[in-house]
Amino acid sequence: QPMPVSGVAEGVPASIDTVVANVEAAGIHPGYALNMPSGPEGVFTASVYPHDISQERVIHLDQYTGEILFDMGVGELGALGWAAEWGVGIHMGQAFGALNQIVLALACAAMVLMSVSAVVMWWKRRPAGGLGAPTVPADWRIPRGILVIAVAAGIFFPLVGLSLIIVAGIELAILGMRRLRAA
C-alpha cells in the first residue's frame, strides 16, 4: 500500500487535538502511537499493536484537515498477513498469555544450555594438550555442492557471506604464515 499524501499545503496543519479526536472517533485501541508528518505532503500516522492482534490498526490522516486518508486493521491484511502477524505475536509472547511466555522462556533456556553443554563436551573430549581441531586435508579442493550452498547462503544472507569471507581470510592468513615459517 503506497503511503498517502496530504493535500495541497493551504494554511496551517490541523491541531493535535483535532487529529487525536478523529483517531479516537475511529475507534482505535487505546495505547496507540501518533507520528507527526514529515514534510509538506506528510501525514499524521496513528498505529497500535496490542496483545490482541485483532485490534492492530494503522490510520493515516491529512496533516491540514485531520481527515482520515487510510484506515487498515489486521482483518484487511488477508490470510497470509493475518498469519504473519499472529506468528509475530506468538514469537513476542503476546498470544496465549503466560503459558506462551513460559514455553518461549524454556526454549531460550534450552538453547543456552545446548550452547554451554557443547563447550563442556568439547572440553572433555579434546585430546590432551590440543584443541581437537581436524587436521588440514591433503586435498584442498572443496566439493562443488558445498561451494554452491556456501555462495547461495552468502547471497541470501549477507552476514553469513561476510562471516564466511572473514573465516576464509583468517584461514588463508594462517596457512600463509605457516608456509613462511616452513620456508
# chains A, B, ... in the order shown; residues from 1 in each chain; ligands from 1
call {"tool": "residues_around", "arguments": {"residues": "segment 15-20 of chain A", "least_positions_apart": "2", "cutoff": "8 Å", "atoms": "only C-alpha atoms", "output": "tab-separated table (two decimals) with C-alpha atoms, in the first residue's frame"}}
result
chain	number	residue	atom	x	y	z
A	13	PRO	CA	-1.61	21.95	9.87
A	22	ASN	CA	-10.55	11.93	14.73
A	23	VAL	CA	-8.32	8.94	15.55
A	24	GLU	CA	-10.25	8.12	18.71
A	44	PHE	CA	-0.19	12.00	10.74
A	61	LEU	CA	-4.64	11.42	8.44
A	66	GLY	CA	-7.15	15.98	10.02
A	67	GLU	CA	-9.35	13.76	7.81
call {"tool": "residues_around", "arguments": {"residues": "Pro37 of chain A", "least_positions_apart": "5", "cutoff": "10 Å", "atoms": "only C-alpha atoms", "output": "PyMOL selection string"}}
result
chain A and resi 5-6+13+42-45+60-63
call {"tool": "write_last_selection", "arguments": {"atoms": "N, CA and C atoms", "output": "PDB file, in the first residue's frame"}}
result
ATOM      1  N   VAL A   5      -0.688  10.863   0.837  1.00  0.00           N
ATOM      2  CA  VAL A   5      -0.082  12.185   0.990  1.00  0.00           C
ATOM      3  C   VAL A   5      -1.156  13.185   1.376  1.00  0.00           C
ATOM      4  N   SER A   6      -0.723  14.212   2.093  1.00  0.00           N
ATOM      5  CA  SER A   6      -1.643  15.275   2.473  1.00  0.00           C
ATOM      6  C   SER A   6      -1.937  16.140   1.266  1.00  0.00           C
ATOM      7  N   PRO A  13      -1.204  23.324   9.594  1.00  0.00           N
ATOM      8  CA  PRO A  13      -1.614  21.946   9.874  1.00  0.00           C
ATOM      9  C   PRO A  13      -2.721  21.885  10.927  1.00  0.00           C
ATOM     10  N   GLY A  42       3.469  15.162   4.069  1.00  0.00           N
ATOM     11  CA  GLY A  42       3.418  14.091   5.061  1.00  0.00           C
ATOM     12  C   GLY A  42       2.062  13.992   5.736  1.00  0.00           C
ATOM     13  N   VAL A  43       1.864  12.893   6.430  1.00  0.00           N
ATOM     14  CA  VAL A  43       0.589  12.632   7.097  1.00  0.00           C
ATOM     15  C   VAL A  43       0.828  12.299   8.564  1.00  0.00           C
ATOM     16  N   PHE A  44      -0.201  12.509   9.374  1.00  0.00           N
ATOM     17  CA  PHE A  44      -0.192  12.004  10.736  1.00  0.00           C
ATOM     18  C   PHE A  44      -0.447  10.503  10.647  1.00  0.00           C
ATOM     19  N   THR A  45       0.252   9.711  11.453  1.00  0.00           N
ATOM     20  CA  THR A  45       0.043   8.272  11.450  1.00  0.00           C
ATOM     21  C   THR A  45      -0.208   7.802  12.877  1.00  0.00           C
ATOM     22  N   HIS A  60      -3.825   6.759   8.735  1.00  0.00           N
ATOM     23  CA  HIS A  60      -3.109   7.935   8.237  1.00  0.00           C
ATOM     24  C   HIS A  60      -4.120   9.065   8.074  1.00  0.00           C
ATOM     25  N   LEU A  61      -3.752  10.262   8.516  1.00  0.00           N
ATOM     26  CA  LEU A  61      -4.642  11.418   8.443  1.00  0.00           C
ATOM     27  C   LEU A  61      -3.950  12.572   7.726  1.00  0.00           C
ATOM     28  N   ASP A  62      -4.720  13.322   6.960  1.00  0.00           N
ATOM     29  CA  ASP A  62      -4.219  14.517   6.279  1.00  0.00           C
ATOM     30  C   ASP A  62      -3.730  15.506   7.331  1.00  0.00           C
ATOM     31  N   GLN A  63      -2.542  16.054   7.123  1.00  0.00           N
ATOM     32  CA  GLN A  63      -1.982  16.943   8.146  1.00  0.00           C
ATOM     33  C   GLN A  63      -2.649  18.313   8.197  1.00  0.00           C
TER      34      GLN A  63
END
call {"tool": "closest_residue", "arguments": {"among": "A:Ala150, A:Ile170, A:Met92, A:Leu131", "to": "Ala105 of chain A", "atoms": "only C-alpha atoms"}}
result
A:Met92
call {"tool": "residues_around", "arguments": {"residues": "segment 99-102 of chain A", "least_positions_apart": "5", "cutoff": "8 Å", "atoms": "only C-alpha atoms", "output": "NGL selection string"}}
result
:A and (90 or 93-94)
call {"tool": "select_by_dssp", "arguments": {"residues": "chain A", "states": "alpha helix (DSSP H)", "output": "VMD selection string"}}
result
chain A and resid 16 to 25 78 to 91 97 to 125 144 to 156 158 to 182
call {"tool": "closest_residue", "arguments": {"among": "A:Thr65, A:Gln1, A:Asn35, A:Ser47", "to": "Ala14 of chain A", "atoms": "only C-alpha atoms"}}
result
A:Thr65
call {"tool": "closest_residue", "arguments": {"among": "A:Pro50, A:Pro158, A:Gly87, A:Pro2", "to": "Leu69 of chain A", "atoms": "only C-alpha atoms"}}
result
A:Pro2
call {"tool": "closest_residue", "arguments": {"among": "A:Arg181, A:Arg57, A:Arg144, A:His29", "to": "Gly75 of chain A", "atoms": "only C-alpha atoms"}}
result
A:Arg57
call {"tool": "select_by_dssp", "arguments": {"residues": "segment 13-95 of chain A", "states": "strand (DSSP E)", "output": "list in words"}}
result
Ala33, Leu34, Asn35, Val43, Phe44, Thr45, Ala46, Ser47, Val48, Arg57, Val58, Ile59, His60, Leu61, Asp62, Ile68, Leu69, Phe70, Asp71, Met72 and Gly73 of chain A
call {"tool": "write_last_selection", "arguments": {"atoms": "all heavy atoms", "output": "short mmCIF file (atom, residue, chain, number, x, y, z; two decimals), in the first residue's frame"}}
result
data_model
loop_
_atom_site.label_atom_id
_atom_site.label_comp_id
_atom_site.auth_asym_id
_atom_site.auth_seq_id
_atom_site.Cartn_x
_atom_site.Cartn_y
_atom_site.Cartn_z
N ALA A 33 0.27 4.93 19.06
CA ALA A 33 1.35 5.91 18.87
C ALA A 33 0.92 6.85 17.76
O ALA A 33 0.31 6.42 16.77
CB ALA A 33 2.65 5.22 18.50
N LEU A 34 1.23 8.13 17.90
CA LEU A 34 0.89 9.12 16.89
C LEU A 34 2.19 9.73 16.37
O LEU A 34 2.94 10.35 17.11
CB LEU A 34 -0.01 10.20 17.48
CG LEU A 34 -0.49 11.28 16.50
CD1 LEU A 34 -1.38 10.65 15.42
CD2 LEU A 34 -1.25 12.37 17.24
N ASN A 35 2.46 9.50 15.09
CA ASN A 35 3.66 10.04 14.45
C ASN A 35 3.30 11.31 13.69
O ASN A 35 2.28 11.36 13.00
CB ASN A 35 4.29 9.02 13.51
CG ASN A 35 4.79 7.80 14.23
OD1 ASN A 35 5.13 7.86 15.40
ND2 ASN A 35 4.81 6.68 13.53
N VAL A 43 1.86 12.89 6.43
CA VAL A 43 0.59 12.63 7.10
C VAL A 43 0.83 12.30 8.56
O VAL A 43 1.91 11.89 8.95
CB VAL A 43 -0.16 11.46 6.42
CG1 VAL A 43 -0.57 11.80 5.01
CG2 VAL A 43 0.68 10.19 6.43
N PHE A 44 -0.20 12.51 9.37
CA PHE A 44 -0.19 12.00 10.74
C PHE A 44 -0.45 10.50 10.65
O PHE A 44 -1.28 10.06 9.84
CB PHE A 44 -1.30 12.65 11.57
CG PHE A 44 -1.04 14.05 11.98
CD1 PHE A 44 -1.61 15.12 11.30
CD2 PHE A 44 -0.21 14.33 13.07
CE1 PHE A 44 -1.38 16.42 11.69
CE2 PHE A 44 0.02 15.63 13.46
CZ PHE A 44 -0.56 16.69 12.77
N THR A 45 0.25 9.71 11.45
CA THR A 45 0.04 8.27 11.45
C THR A 45 -0.21 7.80 12.88
O THR A 45 0.63 8.01 13.75
CB THR A 45 1.26 7.52 10.88
OG1 THR A 45 1.49 7.98 9.55
CG2 THR A 45 1.03 6.02 10.87
N ALA A 46 -1.36 7.19 13.08
CA ALA A 46 -1.69 6.58 14.36
C ALA A 46 -1.60 5.07 14.17
O ALA A 46 -2.18 4.52 13.22
CB ALA A 46 -3.08 6.98 14.81
N SER A 47 -0.84 4.40 15.03
CA SER A 47 -0.71 2.95 14.90
C SER A 47 -0.73 2.32 16.28
O SER A 47 -0.25 2.90 17.24
CB SER A 47 0.58 2.58 14.17
OG SER A 47 1.69 3.12 14.84
N VAL A 48 -1.29 1.12 16.34
CA VAL A 48 -1.35 0.40 17.60
C VAL A 48 -1.15 -1.09 17.33
O VAL A 48 -1.67 -1.63 16.35
CB VAL A 48 -2.69 0.66 18.35
CG1 VAL A 48 -3.87 0.11 17.59
CG2 VAL A 48 -2.64 0.11 19.76
N ARG A 57 -3.96 -1.85 14.18
CA ARG A 57 -4.55 -0.88 13.25
C ARG A 57 -3.55 0.21 12.91
O ARG A 57 -2.74 0.61 13.75
CB ARG A 57 -5.78 -0.28 13.89
CG ARG A 57 -6.72 0.37 12.95
CD ARG A 57 -8.08 0.38 13.60
NE ARG A 57 -8.94 1.29 12.91
CZ ARG A 57 -10.01 1.82 13.42
NH1 ARG A 57 -10.34 1.56 14.66
NH2 ARG A 57 -10.77 2.62 12.73
N VAL A 58 -3.65 0.73 11.69
CA VAL A 58 -2.86 1.88 11.24
C VAL A 58 -3.82 2.85 10.57
O VAL A 58 -4.61 2.46 9.71
CB VAL A 58 -1.76 1.45 10.25
CG1 VAL A 58 -1.04 2.67 9.69
CG2 VAL A 58 -0.77 0.51 10.90
N ILE A 59 -3.73 4.11 10.99
CA ILE A 59 -4.59 5.16 10.42
C ILE A 59 -3.69 6.32 9.99
O ILE A 59 -2.87 6.80 10.78
CB ILE A 59 -5.63 5.66 11.44
CG1 ILE A 59 -6.51 4.51 11.92
CG2 ILE A 59 -6.49 6.77 10.84
CD1 ILE A 59 -7.47 4.90 13.04
N HIS A 60 -3.83 6.76 8.74
CA HIS A 60 -3.11 7.93 8.24
C HIS A 60 -4.12 9.06 8.07
O HIS A 60 -5.21 8.86 7.53
CB HIS A 60 -2.45 7.65 6.89
CG HIS A 60 -1.41 6.58 6.95
ND1 HIS A 60 -0.24 6.69 7.67
CD2 HIS A 60 -1.35 5.36 6.35
CE1 HIS A 60 0.48 5.60 7.51
NE2 HIS A 60 -0.17 4.76 6.72
N LEU A 61 -3.75 10.26 8.52
CA LEU A 61 -4.64 11.42 8.44
C LEU A 61 -3.95 12.57 7.73
O LEU A 61 -2.74 12.79 7.89
CB LEU A 61 -5.04 11.88 9.85
CG LEU A 61 -5.76 10.84 10.71
CD1 LEU A 61 -4.80 10.15 11.63
CD2 LEU A 61 -6.88 11.47 11.46
N ASP A 62 -4.72 13.32 6.96
CA ASP A 62 -4.22 14.52 6.28
C ASP A 62 -3.73 15.51 7.33
O ASP A 62 -4.42 15.78 8.31
CB ASP A 62 -5.34 15.13 5.44
CG ASP A 62 -4.84 16.27 4.57
OD1 ASP A 62 -4.56 17.35 5.14
OD2 ASP A 62 -4.75 16.09 3.35
N ILE A 68 -9.29 11.35 7.82
CA ILE A 68 -8.67 10.03 7.65
C ILE A 68 -8.50 9.74 6.16
O ILE A 68 -9.46 9.79 5.39
CB ILE A 68 -9.53 8.95 8.33
CG1 ILE A 68 -9.53 9.17 9.85
CG2 ILE A 68 -9.02 7.56 7.98
CD1 ILE A 68 -10.42 8.23 10.63
N LEU A 69 -7.25 9.44 5.78
CA LEU A 69 -6.93 9.09 4.40
C LEU A 69 -6.84 7.58 4.21
O LEU A 69 -7.08 7.07 3.12
CB LEU A 69 -5.60 9.73 3.98
CG LEU A 69 -5.51 11.25 4.06
CD1 LEU A 69 -4.09 11.70 3.77
CD2 LEU A 69 -6.49 11.89 3.09
N PHE A 70 -6.47 6.89 5.25
CA PHE A 70 -6.24 5.44 5.17
C PHE A 70 -6.47 4.85 6.55
O PHE A 70 -5.98 5.37 7.55
CB PHE A 70 -4.80 5.18 4.72
CG PHE A 70 -4.42 3.73 4.64
CD1 PHE A 70 -4.78 2.97 3.54
CD2 PHE A 70 -3.71 3.12 5.66
CE1 PHE A 70 -4.42 1.63 3.47
CE2 PHE A 70 -3.35 1.79 5.59
CZ PHE A 70 -3.71 1.05 4.49
N ASP A 71 -7.22 3.77 6.60
CA ASP A 71 -7.52 3.10 7.87
C ASP A 71 -7.51 1.61 7.61
O ASP A 71 -8.34 1.09 6.86
CB ASP A 71 -8.89 3.55 8.39
CG ASP A 71 -9.22 2.98 9.76
OD1 ASP A 71 -8.45 2.15 10.27
OD2 ASP A 71 -10.26 3.39 10.32
N MET A 72 -6.56 0.91 8.22
CA MET A 72 -6.44 -0.53 7.95
C MET A 72 -6.14 -1.28 9.23
O MET A 72 -5.26 -0.91 10.00
CB MET A 72 -5.32 -0.78 6.95
CG MET A 72 -5.18 -2.21 6.53
SD MET A 72 -4.08 -2.27 5.11
CE MET A 72 -3.35 -3.84 5.37
N GLY A 73 -6.90 -2.33 9.44
CA GLY A 73 -6.66 -3.23 10.55
C GLY A 73 -6.12 -4.55 10.05
O GLY A 73 -5.97 -4.76 8.84
#
